[in-house]
file entry-v8.cif (mmCIF, C-alpha atoms and all ligand atoms)
data_start
#
loop_
_atom_site.label_atom_id
_atom_site.label_comp_id
_atom_site.auth_asym_id
_atom_site.auth_seq_id
_atom_site.Cartn_x
_atom_site.Cartn_y
_atom_site.Cartn_z
CA MET D 1 0.00 0.00 0.00
CA LEU D 2 1.46 3.32 -0.96
CA ILE D 3 0.95 5.79 1.81
CA LYS D 4 0.66 9.35 0.67
CA THR D 5 0.91 11.67 3.61
CA LYS D 6 -0.33 15.21 3.24
CA LYS D 7 1.93 17.34 5.39
CA SER D 8 2.35 21.07 5.21
CA TYR D 9 5.91 20.77 3.92
CA GLN D 10 4.96 18.75 0.88
CA LEU D 11 4.07 20.36 -2.35
CA SER D 12 0.77 18.71 -2.97
CA GLU D 13 -0.33 17.62 -6.38
CA GLN D 14 -2.78 20.49 -6.28
CA GLN D 15 0.16 22.89 -6.10
CA VAL D 16 2.09 21.48 -9.01
CA THR D 17 1.56 20.76 -12.61
CA ASP D 18 3.40 20.87 -15.88
CA GLU D 19 3.00 19.91 -19.45
CA ALA D 20 4.22 16.35 -19.11
CA ILE D 21 2.01 15.65 -16.12
CA TYR D 22 -0.87 17.27 -17.91
CA HIS D 23 -0.51 14.77 -20.72
CA ALA D 24 0.16 11.86 -18.38
CA ARG D 25 -2.99 12.67 -16.45
CA ARG D 26 -5.02 12.98 -19.59
CA LYS D 27 -3.77 9.61 -20.74
CA VAL D 28 -4.42 8.00 -17.38
CA LEU D 29 -7.87 9.56 -17.17
CA LYS D 30 -8.69 7.93 -20.46
CA GLN D 31 -7.39 4.61 -19.30
CA LEU D 32 -8.79 4.60 -15.78
CA GLY D 33 -11.24 1.80 -15.37
CA PHE D 34 -10.13 0.17 -18.58
CA LEU D 35 -6.69 -1.06 -17.64
CA GLY D 36 -5.48 -2.86 -14.55
CA ALA D 37 -3.02 -0.77 -12.58
CA GLY D 38 -0.16 -3.17 -13.21
CA SER D 39 -0.52 -3.33 -16.95
CA LEU D 40 -0.62 0.45 -17.21
CA LEU D 41 2.85 0.90 -15.82
CA ALA D 42 4.33 -2.31 -17.10
CA GLN D 43 4.66 -0.60 -20.45
CA SER D 44 6.78 2.19 -19.05
CA ALA D 45 10.44 1.98 -20.03
CA ASN D 46 11.80 2.42 -16.52
CA ALA D 47 9.14 0.39 -14.75
CA SER D 48 10.62 -1.67 -11.98
CA PRO D 49 10.91 -5.39 -12.56
CA LEU D 50 9.21 -5.71 -9.20
CA ASP D 51 5.46 -5.93 -9.45
CA PHE D 52 4.71 -4.27 -6.15
CA PHE D 53 6.68 -1.23 -7.23
CA SER D 54 5.00 -1.04 -10.59
CA SER D 55 1.55 -1.17 -9.07
CA LYS D 56 2.51 1.51 -6.58
CA SER D 57 3.66 3.66 -9.45
CA ALA D 58 0.32 3.12 -11.06
CA GLU D 59 -1.42 4.27 -7.91
CA VAL D 60 0.61 7.46 -7.96
CA PHE D 61 -0.41 8.13 -11.51
CA GLN D 62 -4.02 7.32 -10.81
CA ARG D 63 -4.06 9.75 -7.94
CA GLN D 64 -2.51 12.36 -10.18
CA ALA D 65 -5.25 11.70 -12.67
CA LEU D 66 -7.93 12.14 -10.03
CA ASN D 67 -6.37 15.40 -8.91
CA PHE D 68 -6.06 16.67 -12.42
CA LYS D 69 -8.77 19.31 -12.06
CA GLN D 70 -7.30 20.96 -8.98
CA ALA D 71 -3.82 20.81 -10.48
CA GLU D 72 -4.80 23.36 -13.07
CA LYS D 73 -4.67 26.03 -10.36
CA SER D 74 -1.04 25.31 -9.66
CA THR D 75 1.61 27.54 -8.16
CA GLU D 76 4.70 25.35 -8.64
CA ILE D 77 5.66 23.68 -11.88
CA LEU D 78 7.19 20.21 -11.93
CA THR D 79 10.49 20.07 -13.76
CA PRO D 80 9.93 17.84 -16.80
CA GLU D 81 11.16 14.27 -16.32
CA ALA D 82 13.45 14.62 -19.35
CA LYS D 83 15.31 17.47 -17.62
CA VAL D 84 15.42 15.82 -14.19
CA THR D 85 17.11 12.83 -15.81
CA SER D 86 19.52 14.61 -18.17
CA HIS D 87 20.78 17.65 -16.21
CA ASN D 88 22.70 16.02 -13.38
CA ASN D 89 25.55 16.37 -10.95
CA PHE D 90 27.11 12.96 -10.34
CA TYR D 91 30.87 13.45 -10.60
CA GLU D 92 31.56 9.70 -10.48
CA PHE D 93 30.26 9.76 -14.06
CA GLY D 94 31.85 13.04 -15.17
CA THR D 95 31.57 16.72 -14.28
CA ALA D 96 29.49 18.10 -17.15
CA LYS D 97 25.71 18.14 -16.65
CA GLY D 98 25.19 15.76 -19.58
CA ASP D 99 27.91 13.28 -18.56
CA PRO D 100 25.98 11.18 -16.02
CA VAL D 101 23.11 10.31 -18.36
CA GLU D 102 25.64 9.32 -20.99
CA ASN D 103 28.11 7.41 -18.80
CA ALA D 104 25.81 5.75 -16.24
CA GLN D 105 23.64 3.68 -18.54
CA SER D 106 25.35 0.35 -17.93
CA PHE D 107 25.67 0.96 -14.17
CA LYS D 108 24.63 -2.23 -12.30
CA VAL D 109 22.31 -1.64 -9.36
CA ASN D 110 21.18 -5.21 -8.73
CA PRO D 111 22.60 -6.91 -6.67
CA TRP D 112 23.09 -4.07 -4.18
CA GLN D 113 23.97 -3.96 -0.50
CA LEU D 114 23.22 -1.07 1.83
CA SER D 115 24.54 -1.53 5.36
CA ILE D 116 23.25 0.30 8.43
CA SER D 117 25.87 0.15 11.16
CA GLY D 118 27.84 2.02 13.81
CA GLU D 119 26.33 3.20 17.11
CA VAL D 120 23.27 0.95 16.87
CA ASP D 121 22.01 -2.10 18.73
CA LYS D 122 20.68 -3.82 15.60
CA PRO D 123 22.90 -3.31 12.57
CA TYR D 124 21.46 -4.71 9.35
CA THR D 125 21.94 -4.89 5.60
CA LEU D 126 19.39 -4.31 2.84
CA GLY D 127 19.65 -6.10 -0.51
CA TYR D 128 18.23 -4.65 -3.73
CA ASP D 129 14.66 -5.93 -3.27
CA ASP D 130 14.65 -4.88 0.40
CA LEU D 131 15.12 -1.25 -0.63
CA PHE D 132 11.59 -1.26 -2.05
CA LYS D 133 9.90 -3.65 0.39
CA SER D 134 11.10 -2.78 3.88
CA PHE D 135 9.44 0.60 4.40
CA SER D 136 6.22 2.19 3.20
CA LEU D 137 6.85 4.14 0.03
CA GLU D 138 5.28 7.50 -0.62
CA GLU D 139 5.52 10.19 -3.24
CA ARG D 140 7.08 13.48 -2.13
CA ILE D 141 7.23 16.50 -4.38
CA TYR D 142 10.22 18.60 -3.29
CA ARG D 143 12.22 21.54 -4.57
CA LEU D 144 15.89 20.66 -5.16
CA ARG D 145 18.26 23.67 -4.93
CA CYS D 146 21.84 23.20 -6.15
CA VAL D 147 24.56 25.43 -4.70
CA GLU D 148 25.28 26.43 -8.32
CA ALA D 149 22.02 28.44 -8.16
CA TRP D 150 19.72 26.32 -10.29
CA SER D 151 16.73 24.39 -8.98
CA MET D 152 14.13 21.83 -9.93
CA VAL D 153 10.83 20.49 -8.60
CA VAL D 154 10.94 16.70 -8.48
CA PRO D 155 8.28 14.08 -7.63
CA TRP D 156 10.38 11.58 -5.66
CA VAL D 157 9.29 8.15 -4.45
CA GLY D 158 10.83 6.97 -1.19
CA PHE D 159 10.60 6.56 2.57
CA SER D 160 11.69 8.50 5.64
CA LEU D 161 15.31 8.08 6.65
CA ALA D 162 13.94 8.10 10.23
CA ASP D 163 12.22 4.74 9.59
CA LEU D 164 15.47 3.17 8.40
CA ILE D 165 17.40 4.53 11.40
CA LYS D 166 14.79 3.53 14.00
CA LYS D 167 14.89 -0.04 12.75
CA ALA D 168 18.60 -0.19 13.70
CA ALA D 169 17.92 0.99 17.27
CA PRO D 170 20.57 3.70 17.63
CA ASN D 171 22.29 4.05 21.02
CA SER D 172 22.96 7.26 22.97
CA ARG D 173 26.32 7.82 21.27
CA ALA D 174 24.65 8.21 17.86
CA LYS D 175 24.99 11.98 17.30
CA TYR D 176 25.58 12.10 13.53
CA VAL D 177 24.87 9.98 10.47
CA ALA D 178 27.61 9.31 7.88
CA PHE D 179 26.70 8.26 4.32
CA GLU D 180 28.91 6.72 1.66
CA THR D 181 28.45 6.24 -2.10
CA LEU D 182 29.55 3.04 -3.84
CA TYR D 183 33.26 2.88 -4.66
CA ASP D 184 33.67 0.98 -7.93
CA PRO D 185 36.17 2.57 -10.34
CA GLU D 186 35.46 -0.13 -12.95
CA GLN D 187 31.91 1.16 -13.21
CA MET D 188 32.48 4.80 -12.31
CA PRO D 189 34.96 6.46 -14.68
CA GLY D 190 35.23 9.55 -12.45
CA GLN D 191 36.69 7.37 -9.69
CA LYS D 192 39.29 6.01 -12.05
CA SER D 193 40.45 9.30 -13.53
CA ARG D 194 41.03 12.54 -11.60
CA ARG D 195 40.30 14.47 -14.78
CA ILE D 196 36.89 12.86 -15.32
CA GLY D 197 35.99 12.89 -11.61
CA GLY D 198 36.81 16.55 -11.02
CA GLY D 199 39.55 15.95 -8.45
CA VAL D 200 37.07 14.74 -5.84
CA GLN D 201 38.33 12.21 -3.28
CA TYR D 202 36.18 9.07 -3.60
CA PRO D 203 34.05 7.49 -2.29
CA TYR D 204 31.76 10.52 -2.04
CA VAL D 205 30.75 10.96 1.60
CA GLU D 206 28.10 13.05 3.33
CA GLY D 207 26.70 13.58 6.78
CA LEU D 208 23.80 14.89 8.82
CA ARG D 209 23.29 15.65 12.49
CA ILE D 210 21.01 13.02 14.04
CA ASP D 211 18.08 15.44 14.47
CA GLU D 212 18.37 16.45 10.79
CA ALA D 213 18.44 12.79 9.80
CA MET D 214 15.34 12.07 11.91
CA ASN D 215 13.41 15.08 10.58
CA PRO D 216 10.31 13.86 8.71
CA LEU D 217 11.33 15.77 5.57
CA THR D 218 14.52 13.76 5.13
CA LEU D 219 13.88 11.19 2.44
CA MET D 220 15.57 8.06 1.16
CA SER D 221 14.55 8.05 -2.48
CA VAL D 222 14.23 4.92 -4.63
CA GLY D 223 12.31 6.48 -7.49
CA LEU D 224 11.12 9.56 -9.33
CA TYR D 225 8.16 10.26 -11.58
CA GLY D 226 6.64 6.98 -10.38
CA LYS D 227 9.52 4.78 -11.60
CA THR D 228 12.70 3.40 -10.10
CA LEU D 229 15.57 5.91 -10.06
CA PRO D 230 17.58 6.27 -13.26
CA ALA D 231 21.29 5.56 -12.64
CA GLN D 232 22.23 9.20 -13.22
CA ASN D 233 19.90 10.28 -10.40
CA GLY D 234 21.52 7.95 -7.86
CA ALA D 235 20.03 4.48 -8.34
CA PRO D 236 19.14 2.36 -6.58
CA ILE D 237 18.90 4.59 -3.48
CA ARG D 238 19.88 8.16 -2.64
CA LEU D 239 19.29 10.76 0.01
CA VAL D 240 17.09 13.83 -0.50
CA VAL D 241 17.39 16.68 2.02
CA PRO D 242 15.21 19.41 0.49
CA TRP D 243 16.21 22.34 2.73
CA LYS D 244 19.95 21.89 2.05
CA TYR D 245 22.03 22.48 -1.08
CA GLY D 246 21.88 19.56 -3.48
CA PHE D 247 25.36 18.25 -2.74
CA LYS D 248 24.12 16.95 0.63
CA SER D 249 21.72 14.63 -1.24
CA ILE D 250 24.26 11.85 -1.77
CA LYS D 251 23.60 9.24 -4.47
CA SER D 252 23.95 5.46 -4.85
CA ILE D 253 24.47 4.85 -1.13
CA VAL D 254 26.07 1.64 0.19
CA SER D 255 26.69 2.63 3.81
CA ILE D 256 24.80 4.53 6.49
CA LYS D 257 26.69 4.69 9.76
CA LEU D 258 25.57 6.21 13.04
CA VAL D 259 28.58 7.95 14.59
CA GLU D 260 29.54 10.06 17.61
CA GLN D 261 31.66 12.75 15.87
CA GLN D 262 30.72 15.01 12.95
CA PRO D 263 31.81 13.02 9.87
CA PRO D 264 33.85 14.44 6.97
CA THR D 265 31.86 15.49 3.88
CA THR D 266 33.11 15.51 0.29
CA TRP D 267 32.69 19.16 -0.70
CA ASN D 268 33.77 20.50 2.67
CA ARG D 269 36.94 18.41 2.43
CA LEU D 270 37.62 19.82 -1.04
CA ALA D 271 36.94 23.51 -0.30
CA ASP D 272 36.21 24.28 3.34
CA HIS D 273 35.65 28.02 2.82
CA GLU D 274 33.08 27.38 0.07
CA TYR D 275 31.06 24.43 1.39
CA GLY D 276 30.16 23.92 5.04
CA PHE D 277 28.88 20.84 6.82
CA TYR D 278 25.39 22.29 7.28
CA ALA D 279 24.83 23.73 3.79
CA ASN D 280 21.31 24.95 4.55
CA VAL D 281 19.88 26.91 1.64
CA ASN D 282 20.40 30.54 2.66
CA PRO D 283 19.85 33.56 0.38
CA ASP D 284 21.72 35.78 2.88
CA VAL D 285 25.01 33.90 2.80
CA ASP D 286 26.65 34.02 -0.62
CA HIS D 287 29.01 31.41 -1.96
CA PRO D 288 32.41 33.06 -2.63
CA ARG D 289 31.93 32.63 -6.39
CA TRP D 290 28.20 33.23 -6.80
CA SER D 291 25.25 34.90 -5.12
CA GLN D 292 22.69 32.68 -3.41
CA ALA D 293 19.95 35.35 -3.42
CA SER D 294 18.19 33.93 -6.47
CA GLU D 295 18.10 30.79 -8.57
CA ARG D 296 17.28 29.61 -12.07
CA ARG D 297 14.27 27.30 -11.89
CA ILE D 298 14.55 24.59 -14.51
CA THR D 299 11.11 24.25 -16.09
CA THR D 300 9.79 23.69 -19.55
CA GLY D 301 11.59 26.88 -20.53
CA GLY D 302 10.40 28.75 -23.55
CA LEU D 303 10.88 32.32 -24.66
CA PHE D 304 8.66 33.94 -22.03
CA ALA D 305 9.49 31.63 -19.15
CA ARG D 306 10.22 33.76 -16.09
CA ASN D 307 12.52 31.27 -14.47
CA ARG D 308 14.73 33.53 -12.31
CA ILE D 309 13.19 33.35 -8.85
CA GLU D 310 14.13 34.45 -5.34
CA THR D 311 15.77 31.86 -3.15
CA LEU D 312 13.93 31.20 0.10
CA PRO D 313 15.60 30.52 3.47
CA PHE D 314 15.82 26.76 3.98
CA ASN D 315 14.57 26.46 0.41
CA GLY D 316 11.06 27.30 1.63
CA TYR D 317 10.97 24.61 4.34
CA GLY D 318 11.76 26.92 7.28
CA GLU D 319 8.54 26.17 9.10
CA GLU D 320 9.57 22.54 9.45
CA VAL D 321 13.31 22.85 10.01
CA ALA D 322 14.35 26.33 11.25
CA GLN D 323 13.87 25.37 14.92
CA MET D 324 16.74 22.88 14.66
CA TYR D 325 19.13 25.81 14.16
CA LYS D 326 17.63 28.39 16.51
CA ASN D 327 20.76 28.81 18.65
CA MET D 328 23.23 28.72 15.78
CA ASP D 329 24.93 31.49 13.83
CA LEU D 330 24.13 30.38 10.28
CA ARG D 331 26.88 32.60 8.86
CA LYS D 332 29.43 30.67 10.84
CA TYR D 333 27.76 27.29 10.35
CA TYR D 334 27.14 27.65 6.59
N1 LIG Y 401 27.70 10.44 -5.08
C1 LIG Y 401 27.34 11.66 -5.49
N2 LIG Y 401 26.21 12.21 -5.02
C2 LIG Y 401 25.83 13.45 -5.43
C3 LIG Y 401 26.65 14.21 -6.31
C4 LIG Y 401 27.84 13.59 -6.81
O1 LIG Y 401 28.61 14.17 -7.60
N3 LIG Y 401 28.14 12.32 -6.38
N4 LIG Y 401 26.26 15.49 -6.68
C5 LIG Y 401 25.37 16.20 -5.76
C6 LIG Y 401 24.88 17.47 -6.28
S1 LIG Y 401 26.00 18.74 -6.37
C7 LIG Y 401 23.56 17.67 -6.61
S2 LIG Y 401 22.99 19.20 -7.07
C8 LIG Y 401 22.61 16.53 -6.63
C9 LIG Y 401 21.97 16.45 -8.00
O2 LIG Y 401 20.97 15.47 -8.04
P1 LIG Y 401 20.22 15.17 -9.42
O3 LIG Y 401 21.26 14.90 -10.46
O4 LIG Y 401 19.34 14.00 -9.15
O5 LIG Y 401 19.42 16.42 -9.74
O6 LIG Y 401 23.23 15.29 -6.34
C10 LIG Y 401 24.20 15.33 -5.30
N5 LIG Y 401 24.64 13.98 -4.97
MO MO Y 402 24.77 20.68 -6.59
#

call {"tool": "encode", "arguments": {"input": "entry-v8.cif", "output": "structure tokens", "more": "lines below"}}
Ligand SMILES: Nc1nc2c(c(=O)[nH]1)N[C@H]1C(S)=C(S)[C@@H](COP(=O)(O)O)O[C@H]1N2
Ligand SMILES: [Mo]
result
Amino acid sequence: MLIKTKKSYQLSEQQVTDEAIYHARRKVLKQLGFLGAGSLLAQSANASPLDFFSSKSAEVFQRQALNFKQAEKSTEILTPEAKVTSHNNFYEFGTAKGDPVENAQSFKVNPWQLSISGEVDKPYTLGYDDLFKSFSLEERIYRLRCVEAWSMVVPWVGFSLADLIKKAAPNSRAKYVAFETLYDPEQMPGQKSRRIGGGVQYPYVEGLRIDEAMNPLTLMSVGLYGKTLPAQNGAPIRLVVPWKYGFKSIKSIVSIKLVEQQPPTTWNRLADHEYGFYANVNPDVDHPRWSQASERRITTGGLFARNRIETLPFNGYGEEVAQMYKNMDLRKYY
């Protein structure tokens, strides 16, 4: 059963629409009642080989179809799927925005092993199928704001990181969570060549404070647009932290470790004065090389698209997350 929670922080389907969804909804509306849910999505190119996932995807699309009318009064526009899956940062597959989609196509995600370890009473490991079966999946429509001052609106499919952590029963020494991407230079050309990988030290690592990790907004994503994740977006499982700059949302994760000390993070290690550990979206604190006051929203584009928008504190999620930082100087802890 796909559980779709309606919380204030989520962009509801009523608040978003775009051309592609418009057409998808139209198509689904036509087909509703005529096709079984499974068969509808089975035709989709990226449909999961797992039936339960496919039928969940179908539910998502059916709900979108049912909400089609309200969606016409939208305020946010979903970034088209074609752009979400072709304009990427995934340096393991090259540093240009078009490199990941080109270089990640033969990336093997099954079998996969994700281990949950460290300061926990019940460490465990999830295999590929477990990623989709162990926790209740839901669709979450979030803004994604890259530190390079572009942004998207993405319909993710996933589960709360809090659920995954609770299952491991963390102990009282668990103060931070450390994440690690797969290290496999044979499959990831950027890990083999400094030139292709942009001089980053691999594996890519990230971290959150435990309260940030347990915040209900923090998502482990296994899909987008109702399908399993494309390799270039971090298949089979990646983090999504919508109130932080995109680099915190680490892809293709193999290890989640509960730790006592603040863990090292990839971009902070590379350029400490440019990228902090916290990396909360903040229009008042500029990056040394570019302003963070506004952003380019990636939409359908077009000649009259007004896609330069103001950046909001915490990427617009302040109501849900600002209290975690109430005693902190966010200029110091950038
Ligand atoms: N392992 C890994 N994770 C990563 C990155 C990366 O290079 N390697 N890039 C980050 C950056 S800078 C951004 S903006 C987002 C982009 O996610 P998307 O390509 O799905 O939009 O992924 C983040 N996660
Ligand atoms: Mo980014």

call {"tool": "closest_residue", "arguments": {"input": "entry-v8.cif", "among": "D:Lys167, D:Lys97, D:Arg297, D:Arg173", "to": "ligand LIG 401 (chain Y)", "atoms": "only C-alpha atoms and all ligand atoms"}}
result
D:Lys97

call {"tool": "closest_residue", "arguments": {"input": "entry-v8.cif", "among": "D:Glu310, D:Glu206, D:Glu295, D:Asp99", "to": "Ser86 of chain D", "atoms": "all atoms listed in the file"}}
result
D:Asp99

call {"tool": "residues_around", "arguments": {"input": "entry-v8.cif", "residues": "Gln201 of chain D", "least_positions_apart": "3", "cutoff": "12 Å", "atoms": "only C-alpha atoms", "output": "ChimeraX atom specification"}}
result
/D:91-92,180-181,183,190-195,197-198,204-205,264-271

call {"tool": "residues_near_ligand", "arguments": {"input": "entry-v8.cif", "ligand": "ligand LIG 401 (chain Y)", "cutoff": "9 Å", "atoms": "all atoms listed in the file", "output": "number ranges by chain"}}
result
D: 83-95, 97, 100, 144-148, 150-152, 154, 180-182, 197, 200, 202-206, 229-230, 232-234, 238-240, 245-253, 266-267

call {"tool": "write_last_selection", "arguments": {"input": "entry-v8.cif", "atoms": "C-alpha atoms", "output": "compact mmCIF listing (two decimals), keeping the file's coordinate frame"}}
result
# COMPACT_ATOMS: atom_id res chain seq x y z
CA LYS D 83 15.31 17.47 -17.62
CA VAL D 84 15.42 15.82 -14.19
CA THR D 85 17.11 12.83 -15.81
CA SER D 86 19.52 14.61 -18.17
CA HIS D 87 20.78 17.65 -16.21
CA ASN D 88 22.70 16.02 -13.38
CA ASN D 89 25.55 16.37 -10.95
CA PHE D 90 27.11 12.96 -10.34
CA TYR D 91 30.87 13.45 -10.60
CA GLU D 92 31.56 9.70 -10.48
CA PHE D 93 30.26 9.76 -14.06
CA GLY D 94 31.85 13.04 -15.17
CA THR D 95 31.57 16.72 -14.28
CA LYS D 97 25.71 18.14 -16.65
CA PRO D 100 25.98 11.18 -16.02
CA LEU D 144 15.89 20.66 -5.16
CA ARG D 145 18.26 23.67 -4.93
CA CYS D 146 21.84 23.20 -6.15
CA VAL D 147 24.56 25.43 -4.70
CA GLU D 148 25.28 26.43 -8.32
CA TRP D 150 19.72 26.32 -10.29
CA SER D 151 16.73 24.39 -8.98
CA MET D 152 14.13 21.83 -9.93
CA VAL D 154 10.94 16.70 -8.48
CA GLU D 180 28.91 6.72 1.66
CA THR D 181 28.45 6.24 -2.10
CA LEU D 182 29.55 3.04 -3.84
CA GLY D 197 35.99 12.89 -11.61
CA VAL D 200 37.07 14.74 -5.84
CA TYR D 202 36.18 9.07 -3.60
CA PRO D 203 34.05 7.49 -2.29
CA TYR D 204 31.76 10.52 -2.04
CA VAL D 205 30.75 10.96 1.60
CA GLU D 206 28.10 13.05 3.33
CA LEU D 229 15.57 5.91 -10.06
CA PRO D 230 17.58 6.27 -13.26
CA GLN D 232 22.23 9.20 -13.22
CA ASN D 233 19.90 10.28 -10.40
CA GLY D 234 21.52 7.95 -7.86
CA ARG D 238 19.88 8.16 -2.64
CA LEU D 239 19.29 10.76 0.01
CA VAL D 240 17.09 13.83 -0.50
CA TYR D 245 22.03 22.48 -1.08
CA GLY D 246 21.88 19.56 -3.48
CA PHE D 247 25.36 18.25 -2.74
CA LYS D 248 24.12 16.95 0.63
CA SER D 249 21.72 14.63 -1.24
CA ILE D 250 24.26 11.85 -1.77
CA LYS D 251 23.60 9.24 -4.47
CA SER D 252 23.95 5.46 -4.85
CA ILE D 253 24.47 4.85 -1.13
CA THR D 266 33.11 15.51 0.29
CA TRP D 267 32.69 19.16 -0.70

call {"tool": "atom_distance", "arguments": {"input": "entry-v8.cif", "atom1": "atom CA of Leu312 of chain D", "atom2": "atom CA of Trp156 of chain D"}}
result
20.8 Å

call {"tool": "atom_distance", "arguments": {"input": "entry-v8.cif", "atom1": "atom CA of Phe159 of chain D", "atom2": "atom CA of Pro313 of chain D"}}
result
24.5 Å

call {"tool": "closest_residue", "arguments": {"input": "entry-v8.cif", "among": "D:Ala96, D:Asn103, D:Val321, D:Val157", "to": "ligand MO 402 (chain Y)", "atoms": "only C-alpha atoms and all ligand atoms"}}
result
D:Ala96

call {"tool": "closest_residue", "arguments": {"input": "entry-v8.cif", "among": "D:Lys244, D:Asp129, D:Glu186, D:Glu102", "to": "ligand MO 402 (chain Y)", "atoms": "all atoms listed in the file"}}
result
D:Lys244

call {"tool": "residues_around", "arguments": {"input": "entry-v8.cif", "residues": "Tyr176 of chain D", "least_positions_apart": "2", "cutoff": "6 Å", "atoms": "only C-alpha atoms", "output": "list in words"}}
result
Ala174, Leu208, Arg209, Ile210, Leu258, Val259 and Gln262 of chain D

call {"tool": "write_last_selection", "arguments": {"input": "entry-v8.cif", "atoms": "C-alpha atoms", "output": "PDB file, keeping the file's coordinate frame"}}
result
ATOM      1  CA  ALA D 174      24.650   8.210  17.860  1.00  0.00           C
ATOM      2  CA  LEU D 208      23.800  14.890   8.820  1.00  0.00           C
ATOM      3  CA  ARG D 209      23.290  15.650  12.490  1.00  0.00           C
ATOM      4  CA  ILE D 210      21.010  13.020  14.040  1.00  0.00           C
ATOM      5  CA  LEU D 258      25.570   6.210  13.040  1.00  0.00           C
ATOM      6  CA  VAL D 259      28.580   7.950  14.590  1.00  0.00           C
ATOM      7  CA  GLN D 262      30.720  15.010  12.950  1.00  0.00           C
TER       8      GLN D 262
END

call {"tool": "closest_residue", "arguments": {"input": "entry-v8.cif", "among": "D:Trp243, D:Ala279, D:Val153, D:Lys122", "to": "Thr300 of chain D", "atoms": "all atoms listed in the file"}}
result
D:Val153

call {"tool": "axis_aligned_box", "arguments": {"input": "entry-v8.cif", "around": "segment 143-156 of chain D", "padding_each_side": "8 Å", "output": "AutoDock Vina command-line options"}}
result
--center_x 16.8 --center_y 20.0 --center_z -7.4 --size_x 33.0 --size_y 32.9 --size_z 21.7

call {"tool": "atom_distance", "arguments": {"input": "entry-v8.cif", "atom1": "atom CA of Met188 of chain D", "atom2": "atom CA of Val101 of chain D"}}
result
12.4 Å

call {"tool": "closest_residue", "arguments": {"input": "entry-v8.cif", "among": "D:Ile298, D:Ala82, D:Met328, D:Val241", "to": "Ala149 of chain D", "atoms": "all atoms listed in the file"}}
result
D:Ile298

call {"tool": "residues_around", "arguments": {"input": "entry-v8.cif", "residues": "Glu274 of chain D", "least_positions_apart": "2", "cutoff": "7 Å", "atoms": "all atoms listed in the file", "output": "tab-separated table (two decimals) with C-alpha atoms, in the coordinates of the input"}}
result
chain	number	residue	atom	x	y	z
D	271	ALA	CA	36.94	23.51	-0.30
D	272	ASP	CA	36.21	24.28	3.34
D	276	GLY	CA	30.16	23.92	5.04
D	287	HIS	CA	29.01	31.41	-1.96
D	288	PRO	CA	32.41	33.06	-2.63
